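Q: Please read through the structure below; I'll follow up with questions.
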There are 2 protein chains.
Amino acid sequence: MAERKGRARTTIQSSPTLDDVARLAGVSTATVSRCLNSPQQVVEDTRERVLAVVREIGYAPNFGARALAAKRTNTIGAIIPTMENAIFARGLQAFQEELGQHGFTLLVASSSYRPDYEEEQIRTLLARGADALLLIGFHRPSSAYAFLERRGVPFVVSWAYRQDAQVRSVGFDNRIAMRALARRVVEFGHKRIAIVTAPCDVNDRARERVAGILEAASEVGLDIDAIRIEETPYSIENGAAATHAVLSESEQRPTVVMCGNDVLAVGALRAAKSLGLHVPGDLSITGFDDIELAQIVEPCLTTVHVPHREMGRQAAKAISSLLRTEDVPQNQCLEARVVLRESLGPAAS
Amino acid sequence: MAERKGRARTTIQSSPTLDDVARLAGVSTATVSRCLNSPQQVVEDTRERVLAVVREIGYAPNFGARALAAKRTNTIGAIIPTMENAIFARGLQAFQEELGQHGFTLLVASSSYRPDYEEEQIRTLLARGADALLLIGFHRPSSAYAFLERRGVPFVVSWAYRQDAQVRSVGFDNRIAMRALARRVVEFGHKRIAIVTAPCDVNDRARERVAGILEAASEVGLDIDAIRIEETPYSIENGAAATHAVLSESEQRPTVVMCGNDVLAVGALRAAKSLGLHVPGDLSITGFDDIELAQIVEPCLTTVHVPHREMGRQAAKAISSLLRTEDVPQNQCLEARVVLRESLGPAAS
DNA sequence: AAATCTCATGCAAGCGCTTACATTTTCAAT
DNA sequence: ATTGAAAATGTAAGCGCTTGCATGAGATTT
């Protein structure tokens, strides 16, 4: 290799190993390992000597080696559909915080709302040593569930709730929550409703929310088939475009646009503005999630407050108990409540 | 262990290994490994047989073992100061996308703006096998730099630029960018300026931005010592509180509040509104970053557009070249340009 | 004083993979 | 056919760590 002169080469001088520490402290590697993992097994004298060396040479255990030998990593994987908007941010933050309390580290991956990606990410996270997983929503190919089963990986589903769910979950009932909001909407006299939602085929949360609206609508005898449903991925841009379409193409303009989440609703707000429509005077708009955005826009969004933080925290607790093989309630349902703000008003004539 | 009956126990049946694949395909583990890592070394016939087995039993290589044996992971670590707001989101997204193109995976950690945490995270990411790191800003204890040096870890600093930087960087000049904005501000006739910024002691970007404002101010002969500087961590809440303080406590109210970033500026906007001040009629407000938020609020924020995506992309390219030991320009400076929108107007009398 | 028990520590076997080197196979050229 | 180089594959030595078991030194009991 001497001929390689002149080639800019980053010399990776490998980091100190357990062996180095052991040698310098005059003990065996086993003892060093114990000092780090179960200190009470080592007599104080030795322990201090070892830890001193650790600090001195800046030793950090090699994660891969540790995982390989111990067959656990204290790492939890989470696969969320998207990182692009803030929908999952708050919940995940709480999830992470709570995990930290229990000595776990979080590894996040994103599936871009694509079930096939999600399966790949599951594999990847497991290969990286995740001891357990957090997944969003119930909807995924049975092959994914089979895989998890076969591997015996503990996992928790979140952001959704189903009474009859066969898997552990911590979430809220998207349908009931959205139905509650829709009931308020019809109470305001709205009869012409339009829906702007994320594509429902791979998103059970979105599907349930739409179902909730339709339920409320049929309760008061509205013609469900007349309700226009526009599907588009979550983004402000898309929300604006879809709303624009709904408003300009309908022969009879809807009096309210109910959006699948706040991000779409902000887009709807923008579309209304660009069409010169006053919200809520000419048009009402509702969101879902109650993320920070909802209170930043003008008018503030009427929406459904999802207890993201609580959900993240409870999910972390569930996983942590699961790994300790403690008893964990199969299904946990949190409450999401309607928040009335400015963007919803009486139906325009 | 038979006594453990009745105890809910997750049976972790370990996943298939290289050995399993090798056995089932009737080849050696070496061949399987080669099929996966350098397929061209294996004759097509064998390769197909092996890959068929891989697919069939759902084999995924154990990351830790691979890292241990190969001493590289194709994983890049990034340590950003915060995930709480969207400041770094867009840049990181682009960073990740570009890394993906080059076959690398991204691992993100957050330092909460605390240098000591950052050092810990550096260690953690390296222990997890990161081949290289992305760091934000230049400011960190020399011990951190020494550590990186000692380990020979390639890294790139981003979100900042310094001509004389001794380390590789891809960023923009925070001072010059903010100075450009401040010049526009004084052109609008503002003489009483207040600054709301993140704490400068551990944040060189914030420090440089403040310096830029002061430069522009002194260029036109304003009394720099009269400029009130309020430091508070980035958040809408904090921005509102700080602005509230600035506006209500000053004997002579400033005509413009220049904020360290858009998040603080949105808070400032809210404070102004709560005090019944019209923006920009009674008070002008400016931000920095040009994140999505800037165009959502009303009035839209005058700000500095930071080329986040481009920065992320270039940083990824730099790191990828670095790992291929290709030549990489030491310092790369992108342009951040002022964006005039509604929140800046002529100075109120 | 011998026997027994505790506790701290060491020894050494892997964990699942990559890769240098050794061996076998293939195939073109003689 | 024979040869030899090149290509394909196998062998086995680790990578850095954890942990079951063995060891030995004290402490405690008889």
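Ordering of the structure tokens sets the chain letters (A, B, ...), residue numbers begin anew at 1 in every chain, and ligands are numbered from 1 in the order given.
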Mind dumping a table of every chain B residue within 9 Å of chain A, with the nearest atom pair and its distance in Å to one decimal, using only C-alpha atoms, sorted by chain and rising number, as a tab-separated table?

A:
residue	atom	partner	partner_atom	distance
B:Arg7	CA	A:Thr325	CA	7.9
B:Ala8	CA	A:Thr325	CA	6.2
B:Arg9	CA	A:Thr325	CA	6.1
B:Thr10	CA	A:Gly152	CA	6.3
B:Thr11	CA	A:Gly152	CA	5.7
B:Ile12	CA	A:Gly152	CA	4.8
B:Gln13	CA	A:Arg151	CA	5.6
B:Ser14	CA	A:Arg151	CA	6.4
B:Ser15	CA	A:Arg151	CA	6.2
B:Gly58	CA	A:Phe147	CA	8.4
B:Tyr59	CA	A:Arg123	CA	8.9
B:Ala60	CA	A:Ala127	CA	6.4
B:Pro61	CA	A:Ala127	CA	6.3
B:Asn62	CA	A:Ala127	CA	4.8
B:Phe63	CA	A:Arg128	CA	5.0
B:Gly64	CA	A:Gly64	CA	3.7
B:Ala65	CA	A:Leu68	CA	6.2
B:Arg66	CA	A:Gly64	CA	8.2
B:Ala67	CA	A:Gly64	CA	6.4
B:Leu68	CA	A:Gly64	CA	6.1
B:Met83	CA	A:Ala89	CA	8.4
B:Glu84	CA	A:Ala89	CA	7.7
B:Asn85	CA	A:Ala86	CA	8.8
B:Ala86	CA	A:Ala86	CA	8.2
B:Ala89	CA	A:Glu84	CA	7.7
B:Arg90	CA	A:Glu84	CA	8.1
B:Gln93	CA	A:Glu84	CA	8.0
B:Leu107	CA	A:Leu107	CA	8.1
B:Val108	CA	A:Leu107	CA	8.5
B:Arg123	CA	A:Ala60	CA	6.7
B:Thr124	CA	A:Ala60	CA	7.6
B:Leu126	CA	A:Asn62	CA	8.2
B:Ala127	CA	A:Asn62	CA	4.8
B:Arg128	CA	A:Phe63	CA	5.0
B:Gly129	CA	A:Phe63	CA	7.3
B:Phe147	CA	A:Gly58	CA	8.6
B:Arg150	CA	A:Gln13	CA	7.4
B:Arg151	CA	A:Gln13	CA	5.6
B:Gly152	CA	A:Ile12	CA	4.8
B:Val153	CA	A:Ile12	CA	6.8
B:Pro154	CA	A:Thr10	CA	7.4
B:Val266	CA	A:Ile296	CA	8.2
B:Arg270	CA	A:Ile296	CA	8.6
B:Leu293	CA	A:Leu293	CA	8.4
B:Ile296	CA	A:Val297	CA	6.5
B:Val297	CA	A:Val297	CA	5.8
B:Glu298	CA	A:Glu298	CA	7.1
B:Leu322	CA	A:Thr10	CA	8.5
B:Leu323	CA	A:Thr10	CA	8.2
B:Thr325	CA	A:Arg9	CA	6.1
B:Glu326	CA	A:Ala8	CA	7.7
B:Asp327	CA	A:Ala8	CA	7.9

Q: Take the selection from the previous step and output its residues with C-alpha atoms, as a PDB file, in the first residue's frame.

A:
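New file selection.pdb:
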ATOM      1  CA  ARG B   7     -45.963 -15.275  32.379  1.00  0.00           C
ATOM      2  CA  ALA B   8     -46.629 -13.419  29.147  1.00  0.00           C
ATOM      3  CA  ARG B   9     -43.362 -13.960  27.366  1.00  0.00           C
ATOM      4  CA  THR B  10     -42.449 -12.668  23.965  1.00  0.00           C
ATOM      5  CA  THR B  11     -40.507 -15.402  22.286  1.00  0.00           C
ATOM      6  CA  ILE B  12     -37.796 -13.818  20.259  1.00  0.00           C
ATOM      7  CA  GLN B  13     -37.012 -16.385  17.655  1.00  0.00           C
ATOM      8  CA  SER B  14     -33.955 -14.940  16.140  1.00  0.00           C
ATOM      9  CA  SER B  15     -33.940 -13.964  12.542  1.00  0.00           C
ATOM     10  CA  GLY B  58     -36.789 -12.906   4.389  1.00  0.00           C
ATOM     11  CA  TYR B  59     -33.188 -12.557   5.303  1.00  0.00           C
ATOM     12  CA  ALA B  60     -31.885  -9.135   6.307  1.00  0.00           C
ATOM     13  CA  PRO B  61     -28.229  -8.763   7.238  1.00  0.00           C
ATOM     14  CA  ASN B  62     -27.562  -7.910  10.836  1.00  0.00           C
ATOM     15  CA  PHE B  63     -26.389  -4.380  10.863  1.00  0.00           C
ATOM     16  CA  GLY B  64     -24.218  -4.640  13.932  1.00  0.00           C
ATOM     17  CA  ALA B  65     -22.407  -7.687  12.727  1.00  0.00           C
ATOM     18  CA  ARG B  66     -21.824  -6.124   9.384  1.00  0.00           C
ATOM     19  CA  ALA B  67     -20.487  -2.941  10.917  1.00  0.00           C
ATOM     20  CA  LEU B  68     -18.248  -4.932  13.175  1.00  0.00           C
ATOM     21  CA  MET B  83     -35.965  19.216  16.224  1.00  0.00           C
ATOM     22  CA  GLU B  84     -38.650  21.245  17.925  1.00  0.00           C
ATOM     23  CA  ASN B  85     -39.187  23.681  15.161  1.00  0.00           C
ATOM     24  CA  ALA B  86     -38.831  23.375  11.451  1.00  0.00           C
ATOM     25  CA  ALA B  89     -36.212  20.217   8.597  1.00  0.00           C
ATOM     26  CA  ARG B  90     -35.996  21.246   4.981  1.00  0.00           C
ATOM     27  CA  GLN B  93     -34.608  16.444   4.207  1.00  0.00           C
ATOM     28  CA  LEU B 107     -28.956   9.049  11.499  1.00  0.00           C
ATOM     29  CA  VAL B 108     -30.125  12.189  13.256  1.00  0.00           C
ATOM     30  CA  ARG B 123     -19.719   9.736  20.656  1.00  0.00           C
ATOM     31  CA  THR B 124     -23.030   7.984  20.403  1.00  0.00           C
ATOM     32  CA  LEU B 126     -19.755   7.117  16.205  1.00  0.00           C
ATOM     33  CA  ALA B 127     -20.395   4.169  18.469  1.00  0.00           C
ATOM     34  CA  ARG B 128     -23.387   3.455  16.290  1.00  0.00           C
ATOM     35  CA  GLY B 129     -21.051   3.305  13.384  1.00  0.00           C
ATOM     36  CA  PHE B 147     -11.853  14.124  19.590  1.00  0.00           C
ATOM     37  CA  ARG B 150      -8.089  11.875  17.010  1.00  0.00           C
ATOM     38  CA  ARG B 151     -10.626   9.447  15.655  1.00  0.00           C
ATOM     39  CA  GLY B 152     -10.029  10.609  12.127  1.00  0.00           C
ATOM     40  CA  VAL B 153     -13.756  11.049  11.514  1.00  0.00           C
ATOM     41  CA  PRO B 154     -14.642  12.971   8.386  1.00  0.00           C
ATOM     42  CA  VAL B 266     -44.013  34.878  14.270  1.00  0.00           C
ATOM     43  CA  ARG B 270     -48.413  37.772  17.812  1.00  0.00           C
ATOM     44  CA  LEU B 293     -44.237  29.628   8.314  1.00  0.00           C
ATOM     45  CA  ILE B 296     -48.447  31.468   6.277  1.00  0.00           C
ATOM     46  CA  VAL B 297     -48.691  34.222   8.825  1.00  0.00           C
ATOM     47  CA  GLU B 298     -50.373  37.493   8.227  1.00  0.00           C
ATOM     48  CA  LEU B 322     -14.968  12.984   1.482  1.00  0.00           C
ATOM     49  CA  LEU B 323     -15.644   9.320   2.113  1.00  0.00           C
ATOM     50  CA  THR B 325     -11.393  10.475  -0.562  1.00  0.00           C
ATOM     51  CA  GLU B 326     -12.090  12.685  -3.490  1.00  0.00           C
ATOM     52  CA  ASP B 327     -11.103  16.298  -3.445  1.00  0.00           C
TER      53      ASP B 327
END

Q: Which residues of chain D are close to chain A, meaning at most 6 Å apart when you count only C-alpha atoms (C1' of nucleotides), and how do they look as a ChimeraX atom specification?

A: /D:16-18

Q: Taking 6 positions as the minimum chain separation for residues in the same chain, which residues sit within 8 Å of Thr82 of chain B when counting only C-alpha atoms (C1' of nucleotides)? Answer as a list of chain:residue names.

A: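 The filter keeps B:Phe88, B:Ser110, B:Ser111, B:Ser112, B:Tyr113.
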
Q: Considering only C-alpha atoms (C1' of nucleotides), give me a table of residues in chain C that are at most 6 Å from chain B, with the closest atom pair and distance in Å for each, as a Markdown table.

A:
| residue | atom | partner | partner_atom | distance |
| --- | --- | --- | --- | --- |
| C:DG16 | C1' | B:Ala65 | CA | 5.1 |
| C:DC17 | C1' | B:Arg66 | CA | 4.8 |
| C:DT18 | C1' | B:Ala69 | CA | 5.1 |

Q: Okay, now the selection with C-alpha atoms (C1' of nucleotides), as a PDB file, in the first residue's frame?

A:
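Output contents, as saved in result.pdb:
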ATOM      1  C1'  DG C  16     -23.374 -12.654  12.504  1.00  0.00           C
ATOM      2  C1'  DC C  17     -20.738 -10.791   9.381  1.00  0.00           C
ATOM      3  C1'  DT C  18     -16.566  -9.495   5.956  1.00  0.00           C
TER       4       DT C  18
END

Q: Report as a PyMOL selection string: the residues of segment 11-202 of chain B with a DSSP assignment of strand (DSSP E or B), based on the backbone of this structure.

A: chain B and resi 75-80+105-110+132-136+155-158+169-172+193-197

Q: Keeping only C-alpha atoms, write those residues as a PDB file, in the first residue's frame.

A:
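File written: out-v1.pdb
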ATOM      1  CA  THR B  75     -24.362   5.647   7.677  1.00  0.00           C
ATOM      2  CA  ILE B  76     -23.912   9.362   8.126  1.00  0.00           C
ATOM      3  CA  GLY B  77     -24.719  11.034  11.416  1.00  0.00           C
ATOM      4  CA  ALA B  78     -26.132  14.527  11.734  1.00  0.00           C
ATOM      5  CA  ILE B  79     -26.394  16.455  14.962  1.00  0.00           C
ATOM      6  CA  ILE B  80     -28.759  19.372  14.836  1.00  0.00           C
ATOM      7  CA  THR B 105     -28.372   6.331   5.384  1.00  0.00           C
ATOM      8  CA  LEU B 106     -28.931   9.220   7.724  1.00  0.00           C
ATOM      9  CA  LEU B 107     -28.956   9.049  11.499  1.00  0.00           C
ATOM     10  CA  VAL B 108     -30.125  12.189  13.256  1.00  0.00           C
ATOM     11  CA  ALA B 109     -29.509  13.320  16.801  1.00  0.00           C
ATOM     12  CA  SER B 110     -30.290  16.565  18.536  1.00  0.00           C
ATOM     13  CA  ALA B 132     -18.998  10.669   8.914  1.00  0.00           C
ATOM     14  CA  LEU B 133     -20.823  13.519  10.603  1.00  0.00           C
ATOM     15  CA  LEU B 134     -22.732  16.653   9.746  1.00  0.00           C
ATOM     16  CA  LEU B 135     -22.487  19.341  12.406  1.00  0.00           C
ATOM     17  CA  ILE B 136     -24.233  22.676  12.646  1.00  0.00           C
ATOM     18  CA  PHE B 155     -17.138  15.714   9.118  1.00  0.00           C
ATOM     19  CA  VAL B 156     -18.675  18.772   7.553  1.00  0.00           C
ATOM     20  CA  VAL B 157     -19.901  21.891   9.282  1.00  0.00           C
ATOM     21  CA  SER B 158     -23.005  23.486   7.875  1.00  0.00           C
ATOM     22  CA  SER B 169     -17.946  23.617   5.649  1.00  0.00           C
ATOM     23  CA  VAL B 170     -20.971  24.194   3.460  1.00  0.00           C
ATOM     24  CA  GLY B 171     -23.011  27.155   4.516  1.00  0.00           C
ATOM     25  CA  PHE B 172     -23.825  30.781   4.110  1.00  0.00           C
ATOM     26  CA  ILE B 193     -34.205  48.992  16.187  1.00  0.00           C
ATOM     27  CA  ALA B 194     -34.742  46.181  18.652  1.00  0.00           C
ATOM     28  CA  ILE B 195     -33.310  42.708  18.287  1.00  0.00           C
ATOM     29  CA  VAL B 196     -34.857  39.472  19.474  1.00  0.00           C
ATOM     30  CA  THR B 197     -32.393  36.645  19.059  1.00  0.00           C
TER      31      THR B 197
END

Q: Need to verify the contact set: DG26 of chain D, 12 Å, only C-alpha atoms (C1' of nucleotides), exclusion of same-chain residues closer than 4 positions in sequence. Can you return it as an mmCIF file with N, CA and C atoms (P, O5', C5', C4', C3', O3' and C1' of nucleotides), in the first residue's frame?

A:
data_model
loop_
_atom_site.group_PDB
_atom_site.id
_atom_site.type_symbol
_atom_site.label_atom_id
_atom_site.label_comp_id
_atom_site.auth_asym_id
_atom_site.auth_seq_id
_atom_site.Cartn_x
_atom_site.Cartn_y
_atom_site.Cartn_z
ATOM 1 P P DC C 5 -22.356 -25.319 51.589
ATOM 2 O "O5'" DC C 5 -22.271 -23.725 51.555
ATOM 3 C "C5'" DC C 5 -22.476 -22.993 52.771
ATOM 4 C "C4'" DC C 5 -22.091 -21.554 52.536
ATOM 5 C "C3'" DC C 5 -22.641 -20.965 51.234
ATOM 6 O "O3'" DC C 5 -23.288 -19.742 51.543
ATOM 7 C "C1'" DC C 5 -20.328 -20.513 51.427
ATOM 8 P P DT C 6 -24.254 -19.023 50.508
ATOM 9 O "O5'" DT C 6 -23.575 -17.600 50.421
ATOM 10 C "C5'" DT C 6 -22.160 -17.543 50.480
ATOM 11 C "C4'" DT C 6 -21.750 -16.092 50.508
ATOM 12 C "C3'" DT C 6 -22.262 -15.287 49.329
ATOM 13 O "O3'" DT C 6 -22.277 -13.919 49.679
ATOM 14 C "C1'" DT C 6 -19.950 -15.777 49.056
ATOM 15 P P DC C 7 -23.034 -12.849 48.691
ATOM 16 O "O5'" DC C 7 -21.805 -12.103 48.017
ATOM 17 C "C5'" DC C 7 -20.667 -11.740 48.809
ATOM 18 C "C4'" DC C 7 -19.480 -11.594 47.893
ATOM 19 C "C3'" DC C 7 -19.786 -10.865 46.585
ATOM 20 O "O3'" DC C 7 -18.966 -9.710 46.548
ATOM 21 C "C1'" DC C 7 -18.477 -12.811 46.206
ATOM 22 P P DA C 8 -19.158 -8.648 45.387
ATOM 23 O "O5'" DA C 8 -17.761 -8.838 44.641
ATOM 24 C "C5'" DA C 8 -16.566 -8.603 45.372
ATOM 25 C "C4'" DA C 8 -15.387 -9.026 44.536
ATOM 26 C "C3'" DA C 8 -15.272 -8.319 43.182
ATOM 27 O "O3'" DA C 8 -13.922 -7.901 43.035
ATOM 28 C "C1'" DA C 8 -15.277 -10.668 42.872
#
